[in-house]
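Participant: coords35.txt is the file, holding compact mmCIF, C-alpha atoms and all ligand atoms:
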```txt
# COMPACT_ATOMS: atom_id res chain seq x y z
CA MET A 1 45.43 -21.61 -31.62
CA ASN A 2 42.04 -23.24 -31.67
CA ALA A 3 40.18 -20.66 -33.69
CA GLN A 4 36.84 -21.61 -35.16
CA ILE A 5 34.61 -20.40 -37.95
CA GLN A 6 30.85 -20.29 -37.64
CA THR A 7 29.50 -21.93 -40.79
CA VAL A 8 25.83 -22.41 -41.74
CA THR A 9 26.06 -25.99 -40.45
CA GLY A 10 27.98 -25.23 -37.26
CA ALA A 11 31.47 -24.36 -36.03
CA VAL A 12 34.58 -25.73 -37.76
CA ALA A 13 38.27 -25.28 -36.98
CA VAL A 14 40.14 -22.75 -39.09
CA ASP A 15 42.60 -25.55 -39.95
CA ALA A 16 39.81 -27.50 -41.67
CA ILE A 17 39.79 -24.97 -44.50
CA GLN A 18 41.92 -26.27 -47.37
CA LEU A 19 40.58 -24.22 -50.26
CA ALA A 20 38.22 -21.27 -49.97
CA ASP A 21 36.50 -18.87 -52.33
CA GLY A 22 36.68 -15.75 -50.18
CA HIS A 23 33.76 -13.86 -51.75
CA GLU A 24 30.94 -15.75 -53.36
CA HIS A 25 27.20 -15.68 -53.98
CA VAL A 26 25.58 -19.05 -53.51
CA TRP A 27 21.92 -18.06 -53.47
CA ILE A 28 20.15 -14.80 -54.37
CA GLN A 29 16.38 -14.37 -54.37
CA PRO A 30 15.89 -10.66 -54.97
CA ALA A 31 13.54 -8.93 -52.56
CA ASP A 32 10.19 -7.66 -53.85
CA GLY A 33 10.35 -4.05 -54.95
CA VAL A 34 14.02 -4.09 -55.96
CA GLY A 35 14.70 -2.13 -59.15
CA GLU A 36 15.43 -3.97 -62.41
CA ASP A 37 19.10 -2.93 -62.48
CA ALA A 38 19.73 -4.59 -59.13
CA ARG A 39 17.73 -7.79 -59.65
CA ILE A 40 20.13 -10.72 -59.73
CA GLU A 41 18.52 -14.14 -59.52
CA LEU A 42 20.60 -17.12 -58.47
CA ASN A 43 17.96 -19.46 -57.16
CA ASP A 44 17.82 -22.69 -59.18
CA TYR A 45 18.47 -25.16 -56.38
CA PRO A 46 19.44 -28.26 -58.42
CA ARG A 47 21.89 -26.33 -60.60
CA ILE A 48 23.46 -24.59 -57.62
CA ARG A 49 23.83 -27.91 -55.83
CA GLN A 50 25.49 -29.39 -58.93
CA GLU A 51 28.05 -26.56 -59.10
CA LEU A 52 28.84 -26.87 -55.40
CA ALA A 53 29.32 -30.61 -55.79
CA SER A 54 31.86 -29.94 -58.58
CA PHE A 55 33.68 -27.42 -56.38
CA LYS A 56 33.82 -29.98 -53.58
CA ALA A 57 34.96 -32.82 -55.86
CA ALA A 58 37.83 -30.61 -57.05
CA GLY A 59 39.02 -30.06 -53.46
CA GLY A 60 37.05 -26.94 -52.51
CA THR A 61 36.14 -26.63 -48.84
CA LEU A 62 34.58 -23.22 -48.16
CA LEU A 63 32.45 -20.60 -49.89
CA VAL A 64 31.99 -17.22 -48.19
CA ASP A 65 28.44 -16.20 -49.14
CA CYS A 66 28.30 -12.41 -49.29
CA GLN A 67 24.58 -11.70 -49.58
CA PRO A 68 23.27 -10.03 -46.41
CA GLY A 69 19.71 -10.37 -45.08
CA ASN A 70 16.84 -8.44 -46.71
CA ALA A 71 18.94 -8.25 -49.90
CA GLY A 72 18.25 -11.70 -51.35
CA ARG A 73 19.90 -13.98 -48.81
CA ASP A 74 18.28 -17.22 -47.67
CA THR A 75 20.42 -18.99 -45.10
CA ARG A 76 18.01 -21.93 -44.99
CA GLN A 77 18.91 -22.69 -48.61
CA LEU A 78 22.61 -22.21 -47.80
CA ARG A 79 22.36 -24.71 -44.95
CA ARG A 80 20.62 -27.29 -47.12
CA LEU A 81 23.12 -26.82 -49.97
CA SER A 82 26.01 -27.20 -47.54
CA ALA A 83 24.55 -30.30 -45.91
CA GLU A 84 23.83 -31.95 -49.28
CA THR A 85 27.19 -31.19 -50.94
CA GLY A 86 29.66 -31.10 -48.05
CA VAL A 87 30.89 -27.63 -49.05
CA LEU A 88 31.22 -25.40 -46.00
CA ILE A 89 29.44 -22.05 -46.36
CA THR A 90 29.50 -18.97 -44.15
CA ALA A 91 26.61 -16.50 -44.02
CA THR A 92 26.74 -12.71 -43.88
CA THR A 93 24.82 -10.15 -41.88
CA GLY A 94 25.17 -6.40 -42.34
CA ALA A 95 24.07 -4.36 -45.33
CA HIS A 96 24.73 -4.26 -49.05
CA GLN A 97 24.32 -1.18 -51.26
CA ARG A 98 20.99 0.60 -51.07
CA LYS A 99 19.92 -0.51 -54.57
CA TYR A 100 19.52 -4.14 -53.45
CA TYR A 101 16.72 -3.26 -51.01
CA PRO A 102 13.06 -2.37 -51.52
CA PRO A 103 12.33 1.37 -51.19
CA ASP A 104 10.72 0.89 -47.75
CA SER A 105 13.42 -1.33 -46.22
CA TRP A 106 13.58 -0.76 -42.44
CA LEU A 107 17.37 -1.11 -42.40
CA TRP A 108 17.74 2.07 -44.38
CA SER A 109 16.04 4.14 -41.70
CA ALA A 110 17.32 2.20 -38.68
CA SER A 111 19.27 3.87 -35.87
CA VAL A 112 22.78 2.75 -34.93
CA ASP A 113 21.35 0.81 -31.98
CA GLU A 114 18.65 -0.90 -34.05
CA ALA A 115 21.06 -1.95 -36.79
CA ALA A 116 23.73 -3.06 -34.32
CA GLY A 117 21.17 -5.09 -32.40
CA TYR A 118 20.09 -6.80 -35.61
CA PHE A 119 23.67 -7.58 -36.70
CA ILE A 120 24.57 -8.94 -33.25
CA SER A 121 21.44 -11.05 -33.11
CA GLU A 122 22.23 -12.57 -36.53
CA LEU A 123 25.78 -13.34 -35.42
CA THR A 124 24.96 -14.78 -32.02
CA LYS A 125 21.35 -16.07 -32.13
CA GLY A 126 20.55 -16.69 -35.77
CA THR A 127 19.60 -15.08 -39.06
CA ARG A 128 16.07 -13.69 -39.22
CA GLU A 129 14.81 -16.18 -41.78
CA SER A 130 16.27 -19.17 -39.93
CA LEU A 131 14.82 -18.04 -36.59
CA THR A 132 11.31 -18.25 -38.03
CA GLU A 133 11.63 -22.03 -38.46
CA GLU A 134 9.91 -24.48 -36.16
CA SER A 135 11.69 -25.27 -32.92
CA GLY A 136 14.11 -28.16 -32.99
CA VAL A 137 15.96 -26.81 -36.03
CA GLU A 138 19.22 -25.08 -35.14
CA PRO A 139 19.20 -21.51 -36.43
CA VAL A 140 21.92 -20.42 -38.88
CA ARG A 141 24.34 -17.88 -37.46
CA ALA A 142 26.17 -15.34 -39.58
CA ALA A 143 29.96 -15.28 -39.50
CA ILE A 144 30.79 -11.81 -40.77
CA ILE A 145 29.29 -8.32 -41.16
CA LYS A 146 29.10 -6.83 -44.64
CA ILE A 147 28.95 -3.16 -45.51
CA GLY A 148 28.24 -1.87 -49.01
CA TYR A 149 30.61 1.08 -49.37
CA GLU A 150 30.44 3.34 -52.41
CA GLY A 151 33.34 5.58 -51.36
CA VAL A 152 31.69 8.17 -49.12
CA ILE A 153 31.04 7.75 -45.41
CA GLU A 154 27.84 9.72 -44.84
CA GLY A 155 24.10 9.37 -44.25
CA GLN A 156 22.69 5.91 -43.57
CA THR A 157 25.91 4.27 -44.79
CA GLN A 158 27.68 5.93 -41.87
CA VAL A 159 24.94 4.78 -39.48
CA LEU A 160 25.32 1.21 -40.73
CA MET A 161 29.11 1.43 -40.45
CA GLU A 162 28.85 2.63 -36.86
CA ALA A 163 26.48 -0.25 -36.17
CA ALA A 164 28.92 -2.69 -37.80
CA ALA A 165 31.67 -1.34 -35.53
CA VAL A 166 29.51 -1.89 -32.45
CA ALA A 167 28.73 -5.46 -33.55
CA SER A 168 32.36 -6.19 -34.38
CA ARG A 169 33.60 -4.87 -31.03
CA GLN A 170 31.02 -6.85 -29.15
CA THR A 171 31.42 -10.17 -30.97
CA GLY A 172 34.91 -10.08 -32.49
CA ALA A 173 33.48 -10.64 -35.97
CA SER A 174 35.20 -9.02 -38.95
CA ILE A 175 33.69 -6.48 -41.33
CA LEU A 176 33.70 -7.21 -45.08
CA PHE A 177 33.31 -4.33 -47.51
CA HIS A 178 31.83 -4.22 -50.94
CA THR A 179 33.90 -1.39 -52.44
CA GLU A 180 33.24 0.38 -55.74
CA MET A 181 36.44 -0.71 -57.44
CA GLY A 182 38.40 0.26 -54.33
CA ARG A 183 37.13 3.84 -54.32
CA ASN A 184 38.32 5.78 -51.26
CA VAL A 185 39.12 2.67 -49.25
CA GLU A 186 41.77 4.77 -47.49
CA ALA A 187 39.01 6.41 -45.45
CA LEU A 188 37.94 3.12 -43.87
CA ILE A 189 40.97 2.51 -41.65
CA PRO A 190 40.78 5.81 -39.70
CA PHE A 191 36.98 5.66 -39.47
CA PHE A 192 37.01 2.17 -37.96
CA GLU A 193 40.01 2.86 -35.74
CA ASN A 194 38.06 5.81 -34.35
CA HIS A 195 35.22 3.38 -33.67
CA GLY A 196 37.42 0.82 -31.94
CA VAL A 197 37.84 -1.68 -34.79
CA PRO A 198 41.45 -2.38 -35.83
CA PRO A 199 42.48 -2.99 -39.49
CA GLN A 200 43.04 -6.66 -38.54
CA ARG A 201 39.23 -7.02 -38.47
CA LEU A 202 38.64 -5.39 -41.90
CA TYR A 203 38.28 -7.25 -45.20
CA MET A 204 38.06 -5.03 -48.32
CA CYS A 205 36.70 -6.69 -51.46
CA HIS A 206 36.98 -5.83 -55.18
CA VAL A 207 40.11 -3.75 -54.52
CA ASP A 208 42.10 -5.30 -57.38
CA LYS A 209 39.88 -3.19 -59.67
CA ARG A 210 42.04 -0.34 -58.37
CA PRO A 211 45.44 -1.95 -58.86
CA ASP A 212 47.58 0.71 -57.17
CA VAL A 213 50.38 -1.39 -55.71
CA GLY A 214 51.48 1.34 -53.27
CA LEU A 215 47.97 1.53 -51.83
CA HIS A 216 47.69 -2.27 -51.59
CA ARG A 217 51.04 -2.46 -49.75
CA GLU A 218 49.92 0.23 -47.32
CA LEU A 219 46.59 -1.48 -46.57
CA ALA A 220 48.10 -4.95 -46.20
CA ARG A 221 50.87 -3.60 -43.99
CA ALA A 222 48.25 -1.97 -41.75
CA GLY A 223 46.58 -5.37 -41.33
CA VAL A 224 43.66 -5.18 -43.79
CA LEU A 225 42.75 -8.30 -45.78
CA LEU A 226 42.40 -7.50 -49.49
CA GLY A 227 39.88 -9.53 -51.52
CA TYR A 228 40.94 -10.02 -55.18
CA ASP A 229 38.32 -11.19 -57.66
CA THR A 230 39.21 -10.09 -61.19
CA PHE A 231 40.99 -13.33 -62.21
CA GLY A 232 38.19 -14.45 -64.49
CA ARG A 233 37.21 -10.99 -65.78
CA PRO A 234 39.04 -9.98 -68.96
CA LYS A 235 37.65 -6.43 -68.79
CA TYR A 236 39.87 -5.76 -65.76
CA ASP A 237 42.96 -7.04 -67.61
CA PRO A 238 44.00 -9.51 -64.88
CA ASP A 239 47.36 -10.27 -66.52
CA HIS A 240 48.50 -6.68 -66.02
CA ASN A 241 46.72 -5.99 -62.77
CA VAL A 242 45.87 -8.67 -60.21
CA TRP A 243 48.64 -10.95 -61.51
CA GLN A 244 51.13 -8.14 -60.91
CA LEU A 245 49.78 -7.22 -57.46
CA ILE A 246 50.15 -10.73 -56.04
CA PRO A 247 53.89 -11.25 -56.63
CA ALA A 248 54.62 -7.64 -55.62
CA LEU A 249 52.93 -8.05 -52.23
CA VAL A 250 54.39 -11.51 -51.67
CA ALA A 251 57.87 -10.09 -52.35
CA ASP A 252 57.23 -7.53 -49.63
CA GLY A 253 56.27 -10.17 -47.07
CA LEU A 254 52.57 -9.34 -47.33
CA ALA A 255 51.18 -12.74 -48.35
CA HIS A 256 49.00 -12.65 -45.24
CA GLY A 257 47.08 -9.68 -46.71
CA MET A 258 45.40 -11.19 -49.78
CA ALA A 259 42.49 -13.55 -50.41
CA VAL A 260 41.52 -15.20 -53.71
CA CYS A 261 37.83 -14.72 -54.59
CA LEU A 262 35.60 -15.34 -57.60
CA ASP A 263 32.47 -13.28 -56.80
CA PHE A 264 30.35 -15.07 -59.41
CA ALA A 265 26.95 -13.59 -58.60
CA PHE A 266 25.59 -14.10 -62.13
CA PRO A 267 24.38 -17.51 -63.34
CA SER A 268 26.22 -16.77 -66.61
CA MET A 269 29.43 -17.44 -64.65
CA TRP A 270 28.29 -20.88 -63.42
CA ARG A 271 28.86 -24.01 -65.51
CA SER A 272 25.74 -25.70 -64.18
CA PHE A 273 23.75 -22.81 -65.71
CA GLY A 274 25.56 -23.24 -69.02
CA GLY A 275 27.98 -20.40 -68.26
CA GLU A 276 31.74 -19.99 -67.84
CA PRO A 277 34.16 -20.39 -66.12
CA GLY A 278 32.40 -21.93 -63.11
CA LEU A 279 33.30 -22.17 -59.45
CA THR A 280 36.13 -24.63 -60.15
CA PHE A 281 38.03 -21.82 -61.88
CA ILE A 282 40.12 -21.54 -58.70
CA GLN A 283 41.28 -25.14 -59.06
CA SER A 284 41.59 -25.25 -62.85
CA SER A 285 43.21 -21.89 -63.46
CA ILE A 286 44.15 -19.81 -60.41
CA LEU A 287 45.96 -22.48 -58.36
CA PRO A 288 48.18 -23.62 -61.26
CA ARG A 289 49.06 -20.05 -62.10
CA LEU A 290 49.95 -19.19 -58.49
CA ALA A 291 52.44 -22.07 -58.64
CA GLN A 292 53.64 -21.02 -62.07
CA ILE A 293 54.58 -17.52 -60.86
CA GLY A 294 56.76 -19.15 -58.24
CA LEU A 295 54.70 -19.11 -55.04
CA ASP A 296 55.41 -22.01 -52.68
CA ALA A 297 52.67 -24.27 -51.38
CA ALA A 298 52.48 -22.54 -48.00
CA THR A 299 51.99 -19.12 -49.60
CA ILE A 300 49.37 -20.45 -51.99
CA LYS A 301 47.48 -21.91 -49.08
CA ARG A 302 47.52 -18.55 -47.31
CA LEU A 303 45.99 -16.81 -50.33
CA THR A 304 43.43 -19.51 -51.05
CA ALA A 305 42.40 -20.65 -47.56
CA GLN A 306 44.10 -19.47 -44.40
CA ASN A 307 43.87 -15.70 -44.71
CA VAL A 308 40.14 -15.63 -45.21
CA ALA A 309 39.60 -18.41 -42.66
CA ASN A 310 41.50 -16.39 -40.05
CA ARG A 311 39.45 -13.31 -40.84
CA LEU A 312 36.22 -15.27 -40.44
CA ALA A 313 37.24 -16.50 -37.00
CA TRP A 314 36.10 -14.09 -34.32
CA MET A 315 38.79 -12.29 -32.36
CA ARG A 316 38.39 -9.58 -29.76
ZN ZN B 1 29.86 -9.92 -54.38
```
Could you write out this file's structure as structure tokens?
Ligand SMILES: [Zn+2]
Facilitator:
Amino acid sequence: MNAQIQTVTGAVAVDAIQLADGHEHVWIQPADGVGEDARIELNDYPRIRQELASFKAAGGTLLVDCQPGNAGRDTRQLRRLSAETGVLITATTGAHQRKYYPPDSWLWSASVDEAAGYFISELTKGTRESLTEESGVEPVRAAIIKIGYEGVIEGQTQVLMEAAAVASRQTGASILFHTEMGRNVEALIPFFENHGVPPQRLYMCHVDKRPDVGLHRELARAGVLLGYDTFGRPKYDPDHNVWQLIPALVADGLAHGMAVCLDFAFPSMWRSFGGEPGLTFIQSSILPRLAQIGLDAATIKRLTAQNVANRLAWMR
């Protein structure tokens, strides 16, 4: 198989991915008019570059940036950071939760056709902000479609989900979900199957905050990729939750259904901002522990590189 991933600096082979953080935030410049509770700023270029360089030096190859357009993303910064550090980055189209957008955001009154057209254009032609650059500069194309899902499929969320399904069917791109601690993720499989998108194109994030092993088995068995990101978050008791889910699913032959993620959107989690534990937490803590619980090298590589790389590659 010669599958490729569309990164912010161009296409790379899936096999080139050795170590990936499957859900990350590399740059966030909150849009004007966003409420205080949703204003996350991650926009100090030299510090971000420093952290990415550390990730790269410790063997990291790919960061999956999960900030969609109009919600703080700037793919021009992502491209420059990738070019200067050698860390591969993928960009996201789609939509986050409503709170990350200004009150008058067009996306939140768009029709299915308008939203689908926008997602497809960002995947195939280039992200809006990168298309505004002078000619001669290659636009940045998104790799995946995000949907912010709070647990109920209704209203504009449903419109955006239908648009994501159209864009996924047309391009072969996967759909990544922000979930509210896994709330009602069961509803996603039938909804997307009804809209022509199989579970093999779905990637559900933050689901280890709902550590129901029976549910995780069912989703992984159906073909969903589960994004786990509570490793560095004591409040979710990772020892008794995510670190129990992983061996249970591996024992059931479901190692293809999990991806290791950090989701460090706050500068307080980045070492270059004086925080802890930093983006190299995968290398310093998660990788050794995956080996310590008895996973072989091939399984570890699935969880920390191949599964997310395969989901980023487009498949129709
Ligand atoms: Zn996130």
Participant: Around the point (39.8, 0.5, -58.6), in the coordinates given by the file, pick out the residues reaching within 9 Å, counting all atoms listed in the file, and return them as a list in words.
Facilitator: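 With a cut-off of 9 Å, the residues come to Thr179, Glu180, Met181, Gly182, Arg183, His206, Val207, Asp208, Lys209, Arg210, Pro211 and Asp212 of chain A.
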Participant: Return as CSV the residues of chain A lying at most 8 Å from ligand ZN 1 (chain B), together with the closest atom-to-atom pair for each and the distance in Å to one decimal, counting all atoms listed in the file, with rows in chain order and ascending residue number.
Facilitator:
```
residue,atom,partner,partner_atom,distance
A:His23,CA,B:ZN1,ZN,6.1
A:Glu24,CA,B:ZN1,ZN,6.0
A:His25,CA,B:ZN1,ZN,6.4
A:Cys66,CA,B:ZN1,ZN,5.9
A:Gln67,CA,B:ZN1,ZN,7.4
A:His178,CA,B:ZN1,ZN,6.9
A:Asp263,CA,B:ZN1,ZN,4.9
A:Phe264,CA,B:ZN1,ZN,7.2
A:Ala265,CA,B:ZN1,ZN,6.3
```
Participant: Per residue of segment 110-196 of chain A within 10 Å of segment 91-94 of chain A, which atom pair is closest and at what distance in Å (one decimal), using all atoms listed in the file, listed by chain and increasing number, as a tab-separated table?
Facilitator:
```
residue	atom	partner	partner_atom	distance
A:Ala115	CA	A:Gly94	CA	8.2
A:Ala116	CA	A:Gly94	CA	8.8
A:Tyr118	CA	A:Gly94	CA	8.4
A:Phe119	CA	A:Thr93	CA	5.9
A:Ile120	CA	A:Thr93	CA	8.7
A:Ser121	CA	A:Thr93	CA	9.4
A:Glu122	CA	A:Thr93	CA	6.4
A:Leu123	CA	A:Thr93	CA	7.3
A:Gly126	CA	A:Thr93	CA	9.9
A:Thr127	CA	A:Thr93	CA	7.7
A:Arg128	CA	A:Thr93	CA	9.8
A:Val140	CA	A:Ala91	CA	8.0
A:Arg141	CA	A:Ala91	CA	7.1
A:Ala142	CA	A:Ala91	CA	4.6
A:Ala143	CA	A:Ala91	CA	5.8
A:Ile144	CA	A:Thr92	CA	5.2
A:Ile145	CA	A:Gly94	CA	4.7
A:Lys146	CA	A:Gly94	CA	4.6
A:Ile147	CA	A:Gly94	CA	5.9
A:Gly148	CA	A:Gly94	CA	8.6
A:Leu160	CA	A:Gly94	CA	7.8
A:Met161	CA	A:Gly94	CA	9.0
A:Ala163	CA	A:Gly94	CA	8.8
A:Ala164	CA	A:Gly94	CA	7.0
A:Ala167	CA	A:Gly94	CA	9.5
A:Ile175	CA	A:Gly94	CA	8.6
A:Leu176	CA	A:Thr92	CA	9.0
A:Phe177	CA	A:Gly94	CA	9.9
```
Participant: Would you mind telling me which residue in A:Asp65, A:Phe231, A:Ala173, A:Ile153 lies nearest to Ser285 of chain A when using only C-alpha atoms?
Facilitator: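 Closest to Ser285 of chain A of all the choices is A:Phe231.
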Participant: With all atoms listed in the file as the counted atoms, please give the residues lying no more than 10 Å from Arg271 of chain A, apart from itself and same-chain residues fewer than 3 positions off, as a ChimeraX atom specification.
Facilitator: /A:47-48,50-51,54,267-268,274-280
Participant: Can you tell me which residues surround Thr61 of chain A at a distance of at most 10 Å, considering only C-alpha atoms, apart from same-chain residues fewer than 4 positions away, and format the answer as a VMD selection string?
Facilitator: chain A and resid 16 to 21 52 55 to 57 86 to 89 305
Participant: Extract, using only C-alpha atoms, all DNA, RNA and protein residues at most 12 Å from segment 293-302 of chain A, discarding same-chain residues fewer than 6 positions from it, and format them as a PyMOL selection string.
Facilitator: chain A and resi 14-15+17-22+225+239+243-251+253-260+282-283+286-287+308-311
Participant: Quick one: distance from atom CA of Val152 of chain A to atom CA of Glu193 of chain A in Å, one decimal?
Facilitator: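 Separating atom CA of Val152 of chain A from atom CA of Glu193 of chain A is a distance of 16.6 Å.
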Participant: Name the closest residue to Ala3 of chain A among the candidates A:Gly33, A:Cys205, A:Gly172, A:Phe266; distances are taken between atoms, counting all atoms listed in the file.
Facilitator: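 Using all atoms listed in the file, Ala3 of chain A sits closest to A:Gly172.
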Participant: Hey, what's within 10 Å of segment 154-157 of chain A if we count all atoms listed in the file and toss same-chain stuff fewer than 3 positions away? As a list in words, please?
Facilitator: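 Final neighbour list, sorted by chain and number: Ala95, His96, Gln97, Arg98, Leu107, Trp108, Ser109, Ala110, Ser111, Val112, Ile147, Gly148, Tyr149, Glu150, Gly151, Leu160, Met161, Glu162 and Ala163 of chain A.
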Participant: Between A:Asp32, A:Thr90, A:Thr132, A:Arg39, which has the minimum distance to Leu312 of chain A (counting only C-alpha atoms)?
Facilitator: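 Checking each candidate against Leu312 of chain A, we get A:Thr90 as the closest.
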Participant: How many Å lie between atom CA of Leu63 of chain A and atom CA of Glu133 of chain A, rounded to one decimal?
Facilitator: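 Value for the atom CA of Leu63 of chain A-atom CA of Glu133 of chain A distance: 23.8 Å.
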Participant: Just the number, please: distance in Å from atom CA of Ser82 of chain A to atom CA of Glu138 of chain A, one decimal.
Facilitator: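 Distance between the two atoms: 14.3 Å.
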Participant: From the set A:Gln158, A:Thr230, A:Asn70, A:Ser135, which residue has the shortest atom-to-atom contact distance to Leu188 of chain A, counting only C-alpha atoms?
Facilitator: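 Closest to Leu188 of chain A of all the choices is A:Gln158.
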Participant: Which residue out of A:Ser272, A:Gln6, A:Gln292, A:Thr124 has the minimum interatomic distance to Asp44 of chain A when all atoms listed in the file are used?
Facilitator: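 With all atoms listed in the file as the atom set, the closest residue is A:Ser272.
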Participant: Padding 4 Å on every side, please: axis-aligned box over the listed atoms of segment 267-276 of chain A, centre and edge lengths to one decimal in Å, as AutoDock Vina command-line options.
Facilitator:
```
--center_x 27.7 --center_y -21.2 --center_z -66.2 --size_x 16.0 --size_y 16.9 --size_z 13.7
```
